[in-house]
Amino acid sequence: MIKVVKEGVVLDITDHAFENEGVLNPAIYQDGNKVHMFYRAVRKGNHSTIGYCLFDGPILLEHRNDKPLFRPDLEIESQGVEDARIVKIDDLYYLTYTAYDGVNALGALATSRDLKHFERQGLIVPILSYADFHRIAECNAHLNEKYKRFHVQSNIDERFEKKILLSNKNVIFFPRKIKGKFYFLHRIRPDIQIASVEEIKDLNQAYWSDYLMHFDQNILMAPKYEHEISYIGGGCPPIETKAGWLLIYHGVHDTVQGYVYSACAALLDLEDPGKELARLPYPLIKPEKTWELSGEVHNVVFPTGTALFDETLYIYYGAADTRIAVASLNINDLIEELLKYQS
């Protein structure tokens, strides 16, 4: 077992109107000793923006903006911009987030050169109805039966006036190009999928049509162990190590008290990131502390960003959908443990 130190809550709600209901699920970018945090700020009524703060070292708060850095602007994100992740590739920062209009939740991208001004690139996931996806799923004979249970049209509430689209969240880029291509994760429940393109502009209808017709070949990971048996999803941007890409993701299992979210760990092949090398058979971080057990949504550890100081890896996570906490561990010990469970 890995020794994990729960450092505690590093960011909580304030009296500012834009974050008076919750702060959670932060994107993290580390620049030397400084840690930039782009967090989901929720005001009452479940309207989300992206707030910003800066840490000196992993947990010492140095600065916090008193207003949102990134606000909803498009119709598809009218209810909120949620759960950002961030990486830097070459000279450009890639901020992925979930655009939410009150009904639909879809992965979107914004880019920046200075971490202050962001230019929207729009939705980068396929835009299709549940019925369309259900027809595609039927063509993929080897898909988990859960795809049909999660996404059949009869499960969708028809009271909404807006067109209901297939939910596709947790879009997370790898922090460098691999063999000349951008690689990223996304999540159509219950699995984690992987996609790659030479240019972002190639994420068009033709690309996604072909991708979905071969959907079963693009599934990176499926639920495997009890703590993740309901569904899984991406967590933090992958970390490059000599042993492979270290992936901290989230796993969910259903209980009589509801869903329980835990942070999990896996290794992916460096040059073929669609290949899983190893996976922990137990949760890396599970809800145990008061701040993880009780909140807007109980029993949630939702990892979204990391910072590495020497050999200590700090994992930042949304705790009970209310506040942001951090846990630390030795990254070499984690890699050594993962290698015991190679595929």
# chains A, B, ... in the order shown; residues from 1 in each chain; ligands from 1
>>> residues_around(residues="region 171-182 of chain A", least_positions_apart="5", cutoff="8 Å", atoms="only C-alpha atoms", output="compact mmCIF listing (two decimals) with C-alpha atoms, in the first residue's frame")
# COMPACT_ATOMS: atom_id res chain seq x y z
CA ARG A 85 -7.74 20.93 -16.58
CA ILE A 86 -4.67 22.62 -17.99
CA VAL A 87 -1.42 21.69 -19.73
CA LYS A 88 1.26 23.58 -21.63
CA ILE A 89 2.27 22.24 -25.03
CA ASP A 90 5.11 24.13 -26.69
CA TYR A 94 -4.56 24.34 -23.24
CA THR A 96 -10.12 22.11 -21.22
CA TYR A 97 -13.41 22.39 -19.37
CA THR A 98 -17.01 21.20 -19.37
CA GLY A 107 -15.95 19.11 -23.41
CA ALA A 108 -14.60 22.45 -24.64
CA ARG A 187 -15.26 10.22 -20.97
CA SER A 196 -5.46 11.85 -31.18
CA VAL A 197 -5.14 14.41 -33.98
CA GLU A 198 -2.30 16.23 -35.72
CA GLU A 199 -4.10 19.58 -35.47
CA ILE A 200 -6.95 20.73 -33.22
CA GLY A 234 -10.15 11.07 -16.31
CA GLY A 235 -8.69 12.99 -13.40
CA CYS A 236 -5.35 14.80 -13.68
CA PRO A 237 -3.29 15.42 -16.82
CA PRO A 238 -0.95 12.44 -17.32
CA ILE A 239 2.52 12.75 -15.81
CA GLU A 271 4.85 6.06 -26.98
>>> closest_atom_pairs(of="region 30-94 of chain A", to="region 116-124 of chain A", cutoff="9 Å", atoms="only C-alpha atoms", output="Markdown table")
| residue | atom | partner | partner_atom | distance |
| --- | --- | --- | --- | --- |
| A:Leu69 | CA | A:Lys116 | CA | 7.5 |
| A:Phe70 | CA | A:Phe118 | CA | 7.8 |
| A:Leu74 | CA | A:Gly122 | CA | 8.8 |
| A:Ile76 | CA | A:Leu123 | CA | 8.8 |
| A:Tyr93 | CA | A:Phe118 | CA | 8.9 |
>>> write_last_selection(atoms="C-alpha atoms", output="short mmCIF file (atom, residue, chain, number, x, y, z; two decimals), in the first residue's frame")
data_model
loop_
_atom_site.label_atom_id
_atom_site.label_comp_id
_atom_site.auth_asym_id
_atom_site.auth_seq_id
_atom_site.Cartn_x
_atom_site.Cartn_y
_atom_site.Cartn_z
CA LEU A 69 -11.10 34.66 -14.31
CA PHE A 70 -13.21 32.79 -16.89
CA LEU A 74 -21.55 30.88 -25.19
CA ILE A 76 -23.74 25.94 -24.66
CA TYR A 93 -1.60 26.66 -22.59
#
>>> select_by_dssp(residues="region 44-280 of chain A", states="strand (DSSP E)", output="PyMOL selection string")
chain A and resi 47-56+60-64+80-89+92-100+105-112+119-123+169-173+182-187+192-197+219-221+231-234+239-241+244-255+258-268+276-279
>>> write_last_selection(atoms="C-alpha atoms", output="mmCIF file, in the first residue's frame")
data_model
loop_
_atom_site.group_PDB
_atom_site.id
_atom_site.type_symbol
_atom_site.label_atom_id
_atom_site.label_comp_id
_atom_site.auth_asym_id
_atom_site.auth_seq_id
_atom_site.Cartn_x
_atom_site.Cartn_y
_atom_site.Cartn_z
ATOM 1 C CA HIS A 47 -23.898 28.431 -11.728
ATOM 2 C CA SER A 48 -20.176 27.884 -12.285
ATOM 3 C CA THR A 49 -17.270 30.074 -13.318
ATOM 4 C CA ILE A 50 -13.506 29.512 -13.146
ATOM 5 C CA GLY A 51 -11.734 31.265 -10.281
ATOM 6 C CA TYR A 52 -8.001 31.752 -9.909
ATOM 7 C CA CYS A 53 -5.472 31.661 -7.105
ATOM 8 C CA LEU A 54 -1.715 31.244 -6.732
ATOM 9 C CA PHE A 55 0.214 29.149 -4.219
ATOM 10 C CA ASP A 56 3.795 29.594 -3.080
ATOM 11 C CA LEU A 60 0.697 28.165 0.974
ATOM 12 C CA LEU A 61 -1.918 30.467 -0.560
ATOM 13 C CA GLU A 62 -0.254 33.621 -1.885
ATOM 14 C CA HIS A 63 -2.983 35.319 -3.921
ATOM 15 C CA ARG A 64 -6.666 34.788 -4.696
ATOM 16 C CA GLY A 80 -21.518 27.169 -16.243
ATOM 17 C CA VAL A 81 -17.905 26.452 -17.150
ATOM 18 C CA GLU A 82 -16.844 23.524 -15.022
ATOM 19 C CA ASP A 83 -13.999 21.228 -13.971
ATOM 20 C CA ALA A 84 -11.055 22.669 -15.894
ATOM 21 C CA ARG A 85 -7.745 20.931 -16.582
ATOM 22 C CA ILE A 86 -4.674 22.616 -17.995
ATOM 23 C CA VAL A 87 -1.417 21.690 -19.735
ATOM 24 C CA LYS A 88 1.259 23.584 -21.633
ATOM 25 C CA ILE A 89 2.270 22.240 -25.033
ATOM 26 C CA LEU A 92 0.545 27.507 -25.600
ATOM 27 C CA TYR A 93 -1.604 26.664 -22.593
ATOM 28 C CA TYR A 94 -4.560 24.345 -23.236
ATOM 29 C CA LEU A 95 -7.435 24.744 -20.787
ATOM 30 C CA THR A 96 -10.122 22.108 -21.222
ATOM 31 C CA TYR A 97 -13.412 22.387 -19.374
ATOM 32 C CA THR A 98 -17.012 21.199 -19.367
ATOM 33 C CA ALA A 99 -19.501 23.556 -20.988
ATOM 34 C CA TYR A 100 -22.898 23.185 -19.307
ATOM 35 C CA ALA A 105 -22.388 18.737 -20.512
ATOM 36 C CA LEU A 106 -19.733 18.762 -23.256
ATOM 37 C CA GLY A 107 -15.955 19.108 -23.415
ATOM 38 C CA ALA A 108 -14.604 22.450 -24.642
ATOM 39 C CA LEU A 109 -11.200 24.069 -25.112
ATOM 40 C CA ALA A 110 -9.686 27.501 -24.513
ATOM 41 C CA THR A 111 -6.065 28.495 -25.141
ATOM 42 C CA SER A 112 -3.786 31.118 -23.625
ATOM 43 C CA GLU A 119 -9.398 32.375 -26.302
ATOM 44 C CA ARG A 120 -12.263 29.950 -26.722
ATOM 45 C CA GLN A 121 -11.817 27.229 -29.346
ATOM 46 C CA GLY A 122 -15.319 25.843 -28.817
ATOM 47 C CA LEU A 123 -16.562 22.308 -28.251
ATOM 48 C CA LYS A 169 -16.789 15.216 -20.117
ATOM 49 C CA ASN A 170 -13.334 15.053 -18.516
ATOM 50 C CA VAL A 171 -11.400 16.151 -21.590
ATOM 51 C CA ILE A 172 -7.717 16.102 -20.628
ATOM 52 C CA PHE A 173 -4.713 16.663 -22.902
ATOM 53 C CA PHE A 182 -2.092 15.796 -29.759
ATOM 54 C CA TYR A 183 -3.480 13.069 -27.517
ATOM 55 C CA PHE A 184 -6.334 13.586 -25.095
ATOM 56 C CA LEU A 185 -8.689 11.644 -22.866
ATOM 57 C CA HIS A 186 -12.432 12.072 -22.673
ATOM 58 C CA ARG A 187 -15.256 10.225 -20.974
ATOM 59 C CA ILE A 192 -12.289 6.426 -20.431
ATOM 60 C CA GLN A 193 -11.658 6.961 -24.141
ATOM 61 C CA ILE A 194 -8.572 8.307 -25.927
ATOM 62 C CA ALA A 195 -8.301 10.369 -29.113
ATOM 63 C CA SER A 196 -5.464 11.853 -31.179
ATOM 64 C CA VAL A 197 -5.137 14.409 -33.981
ATOM 65 C CA ILE A 219 -11.650 2.792 -25.260
ATOM 66 C CA LEU A 220 -8.569 3.229 -23.103
ATOM 67 C CA MET A 221 -9.787 1.866 -19.776
ATOM 68 C CA TYR A 231 -17.841 3.962 -14.001
ATOM 69 C CA ILE A 232 -14.497 5.736 -14.322
ATOM 70 C CA GLY A 233 -13.285 9.047 -15.748
ATOM 71 C CA GLY A 234 -10.153 11.068 -16.306
ATOM 72 C CA ILE A 239 2.522 12.755 -15.814
ATOM 73 C CA GLU A 240 5.501 11.560 -17.849
ATOM 74 C CA THR A 241 7.781 9.144 -15.984
ATOM 75 C CA GLY A 244 5.168 5.368 -18.481
ATOM 76 C CA TRP A 245 2.470 8.012 -18.268
ATOM 77 C CA LEU A 246 1.196 8.148 -14.701
ATOM 78 C CA LEU A 247 -2.558 8.637 -14.804
ATOM 79 C CA ILE A 248 -4.498 9.707 -11.735
ATOM 80 C CA TYR A 249 -8.167 9.157 -12.562
ATOM 81 C CA HIS A 250 -11.437 8.836 -10.673
ATOM 82 C CA GLY A 251 -13.394 5.679 -10.023
ATOM 83 C CA VAL A 252 -16.998 5.424 -8.867
ATOM 84 C CA HIS A 253 -18.953 2.675 -7.183
ATOM 85 C CA ASP A 254 -22.569 2.616 -6.080
ATOM 86 C CA THR A 255 -23.522 1.945 -2.476
ATOM 87 C CA GLY A 258 -25.105 6.633 -3.113
ATOM 88 C CA TYR A 259 -22.072 6.913 -5.351
ATOM 89 C CA VAL A 260 -18.590 6.984 -3.789
ATOM 90 C CA TYR A 261 -15.815 8.735 -5.781
ATOM 91 C CA SER A 262 -12.165 7.801 -5.256
ATOM 92 C CA ALA A 263 -8.836 8.770 -6.813
ATOM 93 C CA CYS A 264 -7.181 5.873 -8.649
ATOM 94 C CA ALA A 265 -3.867 5.301 -10.435
ATOM 95 C CA ALA A 266 -2.648 3.614 -13.622
ATOM 96 C CA LEU A 267 0.335 3.596 -15.992
ATOM 97 C CA LEU A 268 0.105 4.055 -19.768
ATOM 98 C CA GLU A 276 -2.587 0.422 -20.338
ATOM 99 C CA LEU A 277 0.478 -1.015 -18.601
ATOM 100 C CA ALA A 278 -0.631 -1.266 -14.985
ATOM 101 C CA ARG A 279 -3.427 -0.285 -12.622
#
>>> atom_distance(atom1="CA of Ser129 (chain A)", atom2="CA of Lys163 (chain A)")
8.0 Å
>>> residues_around(residues="Asp12 (chain A)", least_positions_apart="4", cutoff="9 Å", atoms="only C-alpha atoms", output="MDAnalysis selection string")
chainID A and resid 19 22:24 322:325
>>> write_last_selection(atoms="N, CA and C atoms", output="compact mmCIF listing (two decimals), in the first residue's frame")
# COMPACT_ATOMS: atom_id res chain seq x y z
N GLU A 19 -18.70 32.43 -5.63
CA GLU A 19 -18.19 31.18 -5.06
C GLU A 19 -18.74 30.94 -3.66
N GLY A 22 -19.67 26.66 -3.51
CA GLY A 22 -18.64 25.64 -3.56
C GLY A 22 -17.43 26.07 -4.36
N VAL A 23 -16.26 25.56 -4.00
CA VAL A 23 -15.04 25.67 -4.80
C VAL A 23 -14.50 24.26 -4.92
N LEU A 24 -14.19 23.82 -6.13
CA LEU A 24 -13.88 22.41 -6.32
C LEU A 24 -13.13 22.18 -7.63
N THR A 322 -17.46 20.57 -2.57
CA THR A 322 -17.65 21.79 -1.77
C THR A 322 -16.37 22.57 -1.59
N ARG A 323 -15.25 21.89 -1.49
CA ARG A 323 -13.98 22.54 -1.16
C ARG A 323 -12.85 21.81 -1.88
N ILE A 324 -11.65 22.38 -1.81
CA ILE A 324 -10.49 21.79 -2.48
C ILE A 324 -9.49 21.35 -1.43
N ALA A 325 -9.04 20.12 -1.56
CA ALA A 325 -8.07 19.56 -0.64
C ALA A 325 -6.89 19.01 -1.44
>>> closest_residue(among="A:Asn104, A:Asn332, A:Ser209, A:Asn299", to="Asp132 (chain A)", atoms="only C-alpha atoms")
A:Ser209
>>> atom_distance(atom1="CA of Gln257 (chain A)", atom2="CA of Pro283 (chain A)")
18.3 Å
>>> select_by_dssp(residues="region 215-321 of chain A", states="helix (DSSP H, G or I)", output="list in words")
Phe215, Asp216, Gln217, Asn218, Glu226, His227, Glu228, Thr290, Trp291, Glu292 and Leu293 of chain A
